[in-house]
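Data block below; observations after.
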Amino acid sequence: MQAPAITTDVLKPQPTGLPSGSEPLAVDVTNLGFSYGDTTVLNMARCELQRGRSMAVIGPSGCGKTTFLHLLAGLIRPVTGTIRVLGQDLDELQGTRLDRFRGRNIGLVFQRLHLLPALSVTENVLLAQRLSGGRVDATRVATLLEQLDLGGLEHRKPSMLSQGQAQRVAIARALVHSPALIMADEPTSALDDEHAAQALALLHSSARRVGAALLVVTHDQRVRGSLDSELELRVPA
Amino acid sequence: MTWLRLAVANLGLSPLTSAVNVLLMSLGTASIVLLLLAGSQLSDTMSRDARGIDLVLGPTGSPVQLVLSAVYHADMPPGNIKLEEAQRWADDPRVEAAVPISLGDSHRGFRIVGTTAEFAELFGAGLATGRAWDAPLEAVVGSAVAQSAGLAPGSSFAGTHGFGDGGHGHEAHPYQVVGVLEPTGTVVDRLILTSLESVWDVHAPAASHAHEAGGDHEHGHEHDQGHDHDHGEHDADHDHAGEHDQDPDREITAMLLRYGSPMAAMTLPREINAAGTLQAAAPAMEVARILQLVGIGLDGLSAFAWMLILTAALSVFAALYGSLRARRGDLAILRCLGATRWELLVALLLEGLLLTLVGVALGFLAGHGAMEMLGGWLEESRGVALTGWTWIPAQTLLLFSLFGVGAIAAAIPAAQAYRTDVARTLAEG
Ligand SMILES: Nc1ncnc2c1ncn2[C@@H]1O[C@H](COP(=O)(O)OP(=O)(O)OP(=O)(O)O)[C@@H](O)[C@H]1O
Ligand SMILES: [Mg+2]
């Protein structure tokens with residue numbers, strides 16, 4: 001593979017027989033450069049992820065993993081290079097259209113969950129469904145919460161959840177609108193083995209159901225082992 | 001719906017702050033509504049009562065007092081005038097209608113007006129039941145009097161000297177109710193009408209039913225004294241009581257005139273006032289003067305009420321702006337979930353407008369309720385009938401202004417929400 005200054009590698013061989021070559025890549029990054037002021041954070045020649053595939057993003061703390069996810073979500077703009085998500089060059093989208101694109105196609109689980117404190121568990125998930133522009137489907141929300149072992153907590157406010165419970169609500173929120181690109185930032189950091197496995201299984205099955213790509217930032221061996229490939233980021237020199 | 005639910009939920013996160021904001025807003029709103037309603041109804045009632053009366057003839061003195069007593073029956077009459085003298089002007093060709101009135105007594109706080117049949121016509125009041133009076137001590141009562149004092153054709157009552165409760169009674173001369181007037185929404189509703197002769201009779205010497213029996217100075221004197229000692233507050237009318245029976249110089253309290261042509265307004269009042277013995281006061285002018293004075297007071301109170309609204313707006317602003325810091329993460333996450341900048345702006349505006357809506361709604365309710373209560377009290381104590389259950393055009397304007405104020409209060413926080421830097425906010429947590 002290429003050996004750019006600081007980057008990336010696809011370590012595991014891609015399983016065969018998944019989406020046809022004509023379908024656009026879920027993630028297609030070329031010559032990506034990003035810096036906060038004078039501090040270069042990311043410098044990446046190439047990164048690809050097909051739909052139906054999953055990838056772990058690994059690297060030491062502060063190496064730019066979260067920044068990378070934010071770039072892919074169009075929350076921040078790269079300094080150089082292009083980012084295509086599901087065939088769409090993010091540079092071409094502005095303002096409302098970018099917001100809508102993100103809402104419809106991307107599901108994000110944040111490292112700091114950011115549940116809305118004013119709304120109940122169910123409302124938090126319903127809101128994501130509604131904002132994505134999709135049909136509001138309370139049954140789907142209920143099923144999802146059930147699958148994540150959150151049954152009975154539907155009407156709780158986030159402030160009354162344990163960290164692990166809140167993390168699972170955040171996962172439900174990211175999956176509820178069946179996005180084509182699922183990105184999760186340390187989604188299992190607060191979960192015990194059993195719930196980590198449950199959450200991971202749900203991330204995988206959600207991705208498989210709609211042929212979505214799954215990108216997970218993680219230090220968690222339990223998670224890394226289940227993903228198709230790995231992208232390793234290093235702290236810039 | 002989504003944004004409304006979110007706005008309600010967010011306001012619910014700090015219930016105390018929200019409640020204080022609503023309270024401030026409703027207090028200010030209620031005050032303004034009350035002032036608007038009172039001011040407009042007061043001027044409406046006053047101009048309605050004076051509609052048929054162009055000029056009032058009375059003794060020289062305060063024109064405002066003359067108009068208040070003779071047209072609105074709200075003040076003590078300034079004194080009496082000679083019927084003969086007033087009649088000279090009433091016969092003037094420029095005068096279309098002239099109605100003498102003689103005041104002095106009341107029943108349960110309703111004034112008894114000695115007058116002629118034309119009096120009710122001035123106010124366009126027809127009979128609802130019964131007939132007009134045609135003998136002394138027969139009376140026709142206004143609709144409010146009939147209802148409140150429980151009078152109907154066939155019932156009788158005794159007048160009380162003076163206009164308040166507690167004057168000495170005229171039990172020896174009970175009035176007989178022969179008719180009840182239709183409700184008119186004017187001061188007539190609260191008056192008891194009878195012939196001039198009745199009033200003269202009641203105050204004539206007890207023995208003398210033949211009212212032409214000549215002056216009884218002794219009786220008049222006694223009457224005066226007793227009145228002075230026991231009922232000092234009624235002294236505005238005691239001259240009348242003491243002197244009415246000095247026939248042939250019959251006295252009345254005032255003469256109400258209506259012009260034959262608008263031109264009369266230019267000449268007649270000036271001629272009358274120049275003649276010296278009588279005073280002519282135009283209700284329209286005096287009302288304008290009174291309302292101007294009242295208006296200054298209302299304006300002052302209004303300014304105070306708007307200060308309350310301003311405080312409420314500032315408080316809404318502070319609450320939204322303050323919560324914005326704590327909620328930047330929420331706003332950023334909403335953007336990540338697909339909300340646009342504009343939707344965030346709307347979300348914040350909605351919160352401000354919701355507070356305004358609830359405050360304003362409660363304020364209008366309270367304002368109207370307070371007006372109704374105040375109206376009931378004023379009607380009982382002052383005979384001024386004001387109601388809370390009415391809507392005046394100025395209120396519609398007020399409604400829009402208040403929502404404008406609410407929107408402005410929310411505008412800066414909303415603009416902040418619009419500008420939220422999503423990634424940085426999420427990164428900072
Ligand atoms: N808003 C910002 N302004 C300036 N520097 C920033 C900002 N956000 C992040 N950084 C810096 O950019 C680098 C990458 O940060 P990032 O959050 O992407 O790290 P990370 O790989 O997600 O770390 P972790 O594993 O601890 O979550 C860090 O050195 C961080 O200090
Ligand atoms: Mg991170």
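Chain labels run A, B, ... following the order of the structure tokens; each chain numbers its residues from 1, and ligands are numbered from 1 in the order shown.
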Within 12 Å of range 113-115 of chain A, counting only C-alpha atoms, which residues show up once you throw out same-chain ones fewer than 4 positions away? Write them as a PyMOL selection string, please.
-> (chain A and resi 108-109+119-125+127-128+156-161+163-174+184-190) or (chain B and resi 326-337+425-429)
Find the residues in chain A near chain B: any atom within 6 Å counts, using only C-alpha atoms. Write them as a PyMOL selection string.
-> chain A and resi 75+96+99-100+102-103+116+118+128+131-132
Export of prior selection with C-alpha atoms as a PDB file, in the first residue's frame:
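The result, written out as selection_8.pdb:
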```
ATOM      1  CA  LEU A  75     -19.310  19.125  10.459  1.00  0.00           C
ATOM      2  CA  THR A  96     -29.254  23.442   4.583  1.00  0.00           C
ATOM      3  CA  ASP A  99     -27.591  19.448   7.015  1.00  0.00           C
ATOM      4  CA  ARG A 100     -30.271  17.453   5.227  1.00  0.00           C
ATOM      5  CA  ARG A 102     -26.143  14.433   6.954  1.00  0.00           C
ATOM      6  CA  GLY A 103     -29.475  13.899   8.651  1.00  0.00           C
ATOM      7  CA  LEU A 116     -31.049  16.071  24.681  1.00  0.00           C
ATOM      8  CA  ALA A 118     -35.163  17.882  28.014  1.00  0.00           C
ATOM      9  CA  ALA A 128     -33.563  11.780  15.156  1.00  0.00           C
ATOM     10  CA  LEU A 131     -35.075  15.172  11.602  1.00  0.00           C
ATOM     11  CA  SER A 132     -33.666  12.642   9.150  1.00  0.00           C
TER      12      SER A 132
END
```
Can you tell me, as a short mmCIF file (atom, residue, chain, number, x, y, z; two decimals) with C-alpha atoms, in the first residue's frame, which residues in range 81-133 of chain B count as helix (DSSP H, G or I) by DSSP?
```
data_model
loop_
_atom_site.label_atom_id
_atom_site.label_comp_id
_atom_site.auth_asym_id
_atom_site.auth_seq_id
_atom_site.Cartn_x
_atom_site.Cartn_y
_atom_site.Cartn_z
CA LEU B 83 -86.82 78.58 35.85
CA GLU B 84 -88.11 81.80 34.39
CA GLU B 85 -84.65 83.01 33.53
CA ALA B 86 -83.66 79.73 31.90
CA GLN B 87 -86.93 79.60 30.02
CA ARG B 88 -86.01 82.84 28.22
CA TRP B 89 -83.13 81.02 26.54
CA ALA B 90 -85.16 77.88 26.00
CA GLU B 118 -88.84 65.11 26.76
CA PHE B 119 -86.01 64.07 29.08
CA ALA B 120 -86.19 60.39 28.13
CA GLU B 121 -86.32 61.38 24.47
CA LEU B 122 -82.95 63.13 24.79
#
```
Select the residues contacting ligand 2 at a distance of at most 8 Å, based on only C-alpha atoms and all ligand atoms, then format the selection as a short mmCIF file (atom, residue, chain, number, x, y, z; two decimals) with N, CA and C atoms, in the first residue's frame.
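Listed below is the output, part-v4.cif:
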```
data_model
loop_
_atom_site.label_atom_id
_atom_site.label_comp_id
_atom_site.auth_asym_id
_atom_site.auth_seq_id
_atom_site.Cartn_x
_atom_site.Cartn_y
_atom_site.Cartn_z
N SER A 61 -4.71 8.47 21.80
CA SER A 61 -5.55 9.62 22.13
C SER A 61 -4.95 10.90 21.55
N GLY A 62 -5.80 11.72 20.95
CA GLY A 62 -5.34 13.00 20.40
C GLY A 62 -4.78 12.89 19.00
N GLY A 64 -6.50 12.37 16.30
CA GLY A 64 -7.41 12.95 15.31
C GLY A 64 -8.55 12.05 14.88
N LYS A 65 -8.88 11.04 15.68
CA LYS A 65 -9.95 10.11 15.29
C LYS A 65 -11.31 10.82 15.26
N THR A 66 -11.59 11.53 16.31
CA THR A 66 -12.87 12.25 16.36
C THR A 66 -12.94 13.30 15.25
N THR A 67 -11.81 13.98 15.08
CA THR A 67 -11.74 14.98 14.02
C THR A 67 -12.07 14.35 12.65
N GLN A 111 -18.75 10.49 20.97
CA GLN A 111 -17.97 10.08 22.12
C GLN A 111 -18.60 10.63 23.40
N ASP A 185 -18.19 6.76 17.73
CA ASP A 185 -16.96 7.18 18.39
C ASP A 185 -16.91 6.55 19.78
N GLU A 186 -16.11 5.53 19.92
CA GLU A 186 -16.00 4.79 21.20
C GLU A 186 -17.38 4.39 21.74
N VAL A 217 -14.69 4.15 15.77
CA VAL A 217 -13.47 4.54 16.47
C VAL A 217 -13.44 3.75 17.78
#
```
What are the closest atom pairs, with distances in Å to one decimal, for each residue of chain A lying within 10 Å of ligand 1, using only C-alpha atoms and all ligand atoms, rows by chain and rising residue number, as a Markdown table?
```
| residue | atom | partner | partner_atom_place_in_ligand_line | distance |
| --- | --- | --- | --- | --- |
| A:Phe34 | CA | ligand 1 | 12 (O) | 9.5 |
| A:Ser35 | CA | ligand 1 | 12 (O) | 7.7 |
| A:Tyr36 | CA | ligand 1 | 4 (C) | 4.9 |
| A:Gly37 | CA | ligand 1 | 4 (C) | 7.1 |
| A:Asp38 | CA | ligand 1 | 4 (C) | 9.3 |
| A:Thr39 | CA | ligand 1 | 5 (N) | 7.5 |
| A:Thr40 | CA | ligand 1 | 12 (O) | 8.1 |
| A:Val41 | CA | ligand 1 | 13 (C) | 5.6 |
| A:Leu42 | CA | ligand 1 | 14 (C) | 8.2 |
| A:Val57 | CA | ligand 1 | 21 (O) | 9.2 |
| A:Ile58 | CA | ligand 1 | 21 (O) | 8.2 |
| A:Gly59 | CA | ligand 1 | 21 (O) | 6.7 |
| A:Pro60 | CA | ligand 1 | 25 (O) | 6.1 |
| A:Ser61 | CA | ligand 1 | 25 (O) | 3.6 |
| A:Gly62 | CA | ligand 1 | 19 (O) | 3.5 |
| A:Cys63 | CA | ligand 1 | 21 (O) | 4.1 |
| A:Gly64 | CA | ligand 1 | 18 (O) | 3.1 |
| A:Lys65 | CA | ligand 1 | 21 (O) | 3.7 |
| A:Thr66 | CA | ligand 1 | 22 (O) | 3.6 |
| A:Thr67 | CA | ligand 1 | 18 (O) | 3.7 |
| A:Phe68 | CA | ligand 1 | 18 (O) | 6.4 |
| A:Leu69 | CA | ligand 1 | 18 (O) | 8.1 |
| A:His70 | CA | ligand 1 | 18 (O) | 8.4 |
| A:Leu71 | CA | ligand 1 | 18 (O) | 9.8 |
| A:Gln111 | CA | ligand 1 | 27 (O) | 7.2 |
| A:Arg112 | CA | ligand 1 | 27 (O) | 9.4 |
| A:Asp185 | CA | ligand 1 | 22 (O) | 7.9 |
| A:Glu186 | CA | ligand 1 | 27 (O) | 8.0 |
| A:Val217 | CA | ligand 1 | 22 (O) | 8.1 |
| A:Thr218 | CA | ligand 1 | 25 (O) | 8.2 |
| A:His219 | CA | ligand 1 | 25 (O) | 8.3 |
| A:Leu233 | CA | ligand 1 | 21 (O) | 8.1 |
| A:Arg234 | CA | ligand 1 | 21 (O) | 8.9 |
| A:Val235 | CA | ligand 1 | 29 (O) | 8.1 |
| A:Pro236 | CA | ligand 1 | 29 (O) | 9.4 |
```
Emit the selected residues as a PDB file, in the first residue's frame, including C-alpha atoms.
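Final output, result-v2.pdb:
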```
ATOM      1  CA  PHE A  34      -6.700  19.141   8.308  1.00  0.00           C
ATOM      2  CA  SER A  35      -5.251  21.394  10.959  1.00  0.00           C
ATOM      3  CA  TYR A  36      -6.470  23.425  13.893  1.00  0.00           C
ATOM      4  CA  GLY A  37      -4.653  26.699  13.300  1.00  0.00           C
ATOM      5  CA  ASP A  38      -0.980  25.807  12.865  1.00  0.00           C
ATOM      6  CA  THR A  39      -1.325  22.319  14.339  1.00  0.00           C
ATOM      7  CA  THR A  40      -1.691  19.693  11.677  1.00  0.00           C
ATOM      8  CA  VAL A  41      -4.031  17.005  12.922  1.00  0.00           C
ATOM      9  CA  LEU A  42      -4.682  14.849   9.873  1.00  0.00           C
ATOM     10  CA  VAL A  57     -10.371   3.620  13.312  1.00  0.00           C
ATOM     11  CA  ILE A  58      -7.610   3.237  15.846  1.00  0.00           C
ATOM     12  CA  GLY A  59      -4.767   5.288  17.202  1.00  0.00           C
ATOM     13  CA  PRO A  60      -3.563   6.964  20.377  1.00  0.00           C
ATOM     14  CA  SER A  61      -5.546   9.624  22.133  1.00  0.00           C
ATOM     15  CA  GLY A  62      -5.336  12.999  20.401  1.00  0.00           C
ATOM     16  CA  CYS A  63      -4.312  11.538  17.030  1.00  0.00           C
ATOM     17  CA  GLY A  64      -7.410  12.955  15.315  1.00  0.00           C
ATOM     18  CA  LYS A  65      -9.950  10.110  15.286  1.00  0.00           C
ATOM     19  CA  THR A  66     -12.870  12.245  16.359  1.00  0.00           C
ATOM     20  CA  THR A  67     -11.745  14.982  14.015  1.00  0.00           C
ATOM     21  CA  PHE A  68     -11.786  12.454  11.177  1.00  0.00           C
ATOM     22  CA  LEU A  69     -15.382  11.456  11.926  1.00  0.00           C
ATOM     23  CA  HIS A  70     -16.434  15.106  12.061  1.00  0.00           C
ATOM     24  CA  LEU A  71     -14.819  15.672   8.679  1.00  0.00           C
ATOM     25  CA  GLN A 111     -17.967  10.078  22.123  1.00  0.00           C
ATOM     26  CA  ARG A 112     -19.766  12.485  24.437  1.00  0.00           C
ATOM     27  CA  ASP A 185     -16.960   7.180  18.389  1.00  0.00           C
ATOM     28  CA  GLU A 186     -16.005   4.792  21.196  1.00  0.00           C
ATOM     29  CA  VAL A 217     -13.468   4.543  16.474  1.00  0.00           C
ATOM     30  CA  THR A 218     -12.365   2.193  19.197  1.00  0.00           C
ATOM     31  CA  HIS A 219      -9.691   0.984  21.526  1.00  0.00           C
ATOM     32  CA  LEU A 233      -4.015   7.136  12.633  1.00  0.00           C
ATOM     33  CA  ARG A 234      -0.783   8.447  14.112  1.00  0.00           C
ATOM     34  CA  VAL A 235      -0.004  11.649  15.864  1.00  0.00           C
ATOM     35  CA  PRO A 236       1.612  13.958  13.271  1.00  0.00           C
TER      36      PRO A 236
END
```
Between CA of Ser401 in chain B and CA of Tyr321 in chain B, what is the distance, to one decimal in Å?
->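 Those two atoms sit 21.7 Å apart.
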Which residues, written as a PyMOL selection string, have at least one atom at most 10 Å from range 25-28 of chain A, with only C-alpha atoms counted and residues fewer than 6 positions away on the same chain left out?
-> chain A and resi 19+46-53+72+82-89+180-182+212-215
Shortest interatomic distance to Met44 in chain A - which of A:Gln198, A:Thr30, A:Ser226, A:Ser205, counting only C-alpha atoms = A:Thr30
Using only C-alpha atoms, determine which residues lie at most 12 Å from Phe304 in chain B, disregarding the query and same-chain residues fewer than 2 positions distant; provide the list as a compact mmCIF listing (two decimals) with N, CA, C and O atoms, in the first residue's frame.
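Result file follows (part_29.txt):
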```
# COMPACT_ATOMS: atom_id res chain seq x y z
N LEU B 27 -48.47 40.17 34.12
CA LEU B 27 -48.76 41.35 34.93
C LEU B 27 -48.79 42.60 34.06
O LEU B 27 -49.72 43.41 34.13
N GLY B 28 -47.75 42.75 33.23
CA GLY B 28 -47.70 43.91 32.34
C GLY B 28 -48.87 43.94 31.40
O GLY B 28 -49.52 44.97 31.21
N THR B 29 -49.16 42.79 30.80
CA THR B 29 -50.26 42.72 29.84
C THR B 29 -51.58 43.06 30.51
O THR B 29 -52.37 43.86 29.98
N SER B 31 -52.17 44.86 33.10
CA SER B 31 -52.28 46.29 33.41
C SER B 31 -52.67 47.08 32.18
O SER B 31 -53.55 47.94 32.22
N ILE B 32 -52.01 46.78 31.06
CA ILE B 32 -52.30 47.55 29.86
C ILE B 32 -53.72 47.29 29.38
O ILE B 32 -54.45 48.20 29.00
N LEU B 35 -56.14 49.20 31.50
CA LEU B 35 -56.13 50.64 31.21
C LEU B 35 -56.83 50.93 29.89
O LEU B 35 -57.61 51.87 29.78
N GLY B 297 -53.48 60.80 33.14
CA GLY B 297 -53.31 59.80 34.19
C GLY B 297 -53.13 58.41 33.60
O GLY B 297 -52.23 57.66 34.00
N LEU B 298 -54.00 58.08 32.63
CA LEU B 298 -53.93 56.75 32.02
C LEU B 298 -52.60 56.55 31.31
O LEU B 298 -52.01 55.48 31.36
N ASP B 299 -52.13 57.63 30.64
CA ASP B 299 -50.85 57.53 29.94
C ASP B 299 -49.72 57.22 30.92
O ASP B 299 -48.84 56.41 30.63
N GLY B 300 -49.76 57.89 32.07
CA GLY B 300 -48.74 57.64 33.08
C GLY B 300 -48.75 56.19 33.52
O GLY B 300 -47.71 55.53 33.57
N LEU B 301 -49.96 55.69 33.79
CA LEU B 301 -50.08 54.29 34.21
C LEU B 301 -49.63 53.36 33.10
O LEU B 301 -48.99 52.34 33.33
N SER B 302 -49.99 53.73 31.87
CA SER B 302 -49.60 52.91 30.71
C SER B 302 -48.10 52.79 30.61
O SER B 302 -47.55 51.71 30.37
N TRP B 306 -45.95 49.43 30.54
CA TRP B 306 -45.00 49.06 29.49
C TRP B 306 -43.62 48.78 30.07
O TRP B 306 -42.87 47.95 29.55
N MET B 307 -43.30 49.46 31.18
CA MET B 307 -42.04 49.15 31.86
C MET B 307 -42.05 47.70 32.33
O MET B 307 -41.05 46.99 32.24
N LEU B 308 -43.20 47.28 32.83
CA LEU B 308 -43.33 45.88 33.27
C LEU B 308 -43.09 44.94 32.10
O LEU B 308 -42.39 43.94 32.21
N ILE B 309 -43.70 45.28 30.96
CA ILE B 309 -43.55 44.44 29.76
C ILE B 309 -42.07 44.39 29.37
O ILE B 309 -41.54 43.33 29.02
N LEU B 310 -41.44 45.55 29.44
CA LEU B 310 -40.03 45.63 29.07
C LEU B 310 -39.19 44.74 29.99
O LEU B 310 -38.31 44.01 29.55
N THR B 311 -39.50 44.82 31.28
CA THR B 311 -38.81 43.96 32.24
C THR B 311 -39.02 42.50 31.89
O THR B 311 -38.08 41.70 31.91
```
Could you tell me, as number ranges by chain, which residues of chain A DSSP assigns to strand (DSSP E or B) when given the backbone?
-> A: 27-36, 39-49, 54-58, 80-85, 88-89, 106-109, 181-185, 213-217, 229-232
Hey, what's within 10 Å of range 129-145 of chain B if we count only C-alpha atoms and toss same-chain stuff fewer than 3 positions away? As a compact mmCIF listing (two decimals) with N, CA and C atoms, in the first residue's frame, please?
```txt
# COMPACT_ATOMS: atom_id res chain seq x y z
N HIS B 107 -83.04 57.65 45.62
CA HIS B 107 -83.57 56.45 46.26
C HIS B 107 -82.55 55.34 46.07
N ARG B 108 -82.03 54.83 47.19
CA ARG B 108 -81.00 53.80 47.15
C ARG B 108 -79.83 54.20 46.25
N GLY B 109 -79.47 55.44 46.28
CA GLY B 109 -78.34 55.92 45.50
C GLY B 109 -78.69 56.29 44.07
N PHE B 110 -79.90 56.00 43.63
CA PHE B 110 -80.32 56.42 42.28
C PHE B 110 -80.96 57.79 42.37
N ARG B 111 -80.53 58.70 41.51
CA ARG B 111 -81.03 60.06 41.62
C ARG B 111 -82.45 60.21 41.09
N ILE B 112 -83.19 61.00 41.79
CA ILE B 112 -84.54 61.33 41.34
C ILE B 112 -84.45 62.64 40.57
N VAL B 113 -84.90 62.62 39.33
CA VAL B 113 -84.79 63.78 38.46
C VAL B 113 -86.19 64.32 38.16
N GLY B 114 -86.44 65.52 38.65
CA GLY B 114 -87.68 66.17 38.27
C GLY B 114 -87.48 66.80 36.91
N THR B 116 -89.26 66.98 32.50
CA THR B 116 -90.43 66.88 31.63
C THR B 116 -90.33 65.61 30.82
N ALA B 117 -91.38 65.31 30.09
CA ALA B 117 -91.44 64.06 29.33
C ALA B 117 -90.34 63.97 28.28
N ALA B 120 -86.51 61.73 28.61
CA ALA B 120 -86.19 60.39 28.13
C ALA B 120 -85.88 60.40 26.64
N ALA B 125 -84.73 56.94 25.13
CA ALA B 125 -85.22 55.86 25.97
C ALA B 125 -86.74 55.78 25.91
N GLY B 126 -87.26 54.66 25.43
CA GLY B 126 -88.70 54.46 25.40
C GLY B 126 -89.14 53.65 26.61
N SER B 148 -82.26 46.78 40.10
CA SER B 148 -81.48 46.77 41.32
C SER B 148 -82.32 47.10 42.54
N ALA B 149 -83.32 47.99 42.41
CA ALA B 149 -84.14 48.35 43.56
C ALA B 149 -85.43 47.54 43.59
N GLY B 150 -85.59 46.66 42.59
CA GLY B 150 -86.77 45.80 42.55
C GLY B 150 -88.06 46.58 42.37
N LEU B 151 -88.02 47.58 41.49
CA LEU B 151 -89.21 48.40 41.29
C LEU B 151 -89.92 48.01 40.00
N ALA B 152 -91.22 48.08 40.00
CA ALA B 152 -92.04 47.79 38.82
C ALA B 152 -93.28 48.65 38.92
N PRO B 153 -93.98 48.82 37.82
CA PRO B 153 -95.21 49.61 37.90
C PRO B 153 -96.08 49.08 39.03
N GLY B 154 -96.55 49.98 39.88
CA GLY B 154 -97.37 49.56 41.01
C GLY B 154 -96.63 49.64 42.33
N SER B 156 -94.06 51.29 45.18
CA SER B 156 -93.83 52.67 45.60
C SER B 156 -92.56 52.74 46.43
N PHE B 157 -92.00 53.92 46.54
CA PHE B 157 -90.77 54.10 47.30
C PHE B 157 -90.72 55.54 47.79
N ALA B 158 -89.88 55.76 48.80
CA ALA B 158 -89.72 57.12 49.31
C ALA B 158 -88.36 57.66 48.93
N HIS B 173 -93.99 61.51 51.52
CA HIS B 173 -94.33 61.71 50.11
C HIS B 173 -93.83 60.55 49.27
N PRO B 174 -94.41 59.37 49.42
CA PRO B 174 -93.92 58.24 48.63
C PRO B 174 -94.24 58.41 47.15
N TYR B 175 -93.30 57.94 46.34
CA TYR B 175 -93.50 57.96 44.88
C TYR B 175 -94.19 56.67 44.47
N GLN B 176 -94.94 56.77 43.40
CA GLN B 176 -95.63 55.62 42.83
C GLN B 176 -94.97 55.33 41.48
N VAL B 177 -94.47 54.11 41.30
CA VAL B 177 -93.86 53.77 40.00
C VAL B 177 -94.96 53.47 39.00
N VAL B 178 -94.91 54.17 37.85
CA VAL B 178 -95.94 53.91 36.83
C VAL B 178 -95.34 53.33 35.56
N GLY B 179 -94.02 53.42 35.41
CA GLY B 179 -93.42 52.89 34.17
C GLY B 179 -91.95 52.57 34.38
N VAL B 180 -91.43 51.70 33.49
CA VAL B 180 -90.01 51.35 33.50
C VAL B 180 -89.47 51.57 32.09
N LEU B 181 -88.30 52.21 32.01
CA LEU B 181 -87.72 52.50 30.70
C LEU B 181 -86.93 51.31 30.16
N GLU B 182 -86.81 51.29 28.83
CA GLU B 182 -85.94 50.28 28.20
C GLU B 182 -84.50 50.55 28.58
N PRO B 183 -83.68 49.50 28.61
CA PRO B 183 -82.25 49.74 28.83
C PRO B 183 -81.64 50.49 27.63
N THR B 184 -80.80 51.47 27.91
CA THR B 184 -80.22 52.26 26.82
C THR B 184 -78.70 52.25 26.86
N GLY B 185 -78.12 51.76 27.96
CA GLY B 185 -76.67 51.85 28.08
C GLY B 185 -76.21 53.26 28.39
N THR B 186 -77.14 54.13 28.76
CA THR B 186 -76.77 55.49 29.13
C THR B 186 -77.11 55.71 30.60
N VAL B 187 -76.86 56.93 31.05
CA VAL B 187 -77.07 57.26 32.45
C VAL B 187 -78.55 57.17 32.83
N VAL B 188 -79.45 57.27 31.83
CA VAL B 188 -80.88 57.20 32.13
C VAL B 188 -81.27 55.91 32.82
N ASP B 189 -80.54 54.83 32.48
CA ASP B 189 -80.84 53.54 33.09
C ASP B 189 -80.79 53.61 34.61
N ARG B 190 -80.01 54.58 35.10
CA ARG B 190 -79.79 54.64 36.54
C ARG B 190 -80.51 55.82 37.18
N LEU B 191 -81.50 56.36 36.48
CA LEU B 191 -82.21 57.53 37.02
C LEU B 191 -83.66 57.19 37.29
N ILE B 192 -84.24 58.00 38.19
CA ILE B 192 -85.68 57.90 38.45
C ILE B 192 -86.27 59.22 37.97
N LEU B 193 -87.19 59.14 37.01
CA LEU B 193 -87.72 60.36 36.41
C LEU B 193 -89.11 60.63 36.98
N THR B 194 -89.33 61.91 37.22
CA THR B 194 -90.66 62.29 37.68
C THR B 194 -90.90 63.73 37.23
N SER B 195 -92.05 64.25 37.53
CA SER B 195 -92.34 65.62 37.07
C SER B 195 -91.60 66.62 37.96
N LEU B 196 -91.39 67.81 37.42
CA LEU B 196 -90.80 68.88 38.22
C LEU B 196 -91.63 69.14 39.46
N GLU B 197 -92.95 69.09 39.27
CA GLU B 197 -93.86 69.39 40.38
C GLU B 197 -93.65 68.42 41.54
N SER B 198 -93.36 67.16 41.22
CA SER B 198 -93.17 66.19 42.29
C SER B 198 -92.03 66.62 43.19
N VAL B 199 -90.92 67.01 42.58
CA VAL B 199 -89.76 67.41 43.37
C VAL B 199 -90.09 68.64 44.19
N TRP B 200 -90.77 69.56 43.56
CA TRP B 200 -91.17 70.76 44.30
C TRP B 200 -92.08 70.39 45.46
N ASP B 201 -93.01 69.47 45.20
CA ASP B 201 -93.97 69.04 46.21
C ASP B 201 -93.29 68.43 47.42
N VAL B 202 -92.38 67.52 47.14
CA VAL B 202 -91.75 66.78 48.22
C VAL B 202 -91.06 67.73 49.19
N GLY B 383 -72.10 54.18 39.83
CA GLY B 383 -73.09 54.22 38.77
C GLY B 383 -72.46 54.32 37.39
```
A:Asn31, A:Thr143, A:Ser206, A:Ser162 ranked by distance to Ala45 in chain A, top pick (using only C-alpha atoms) =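 Closest to Ala45 in chain A of all the choices is A:Asn31.
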Can you tell me how far CA of Thr60 in chain B sits from CA of Leu268 in chain B, in Å to one decimal?
-> 15.8 Å
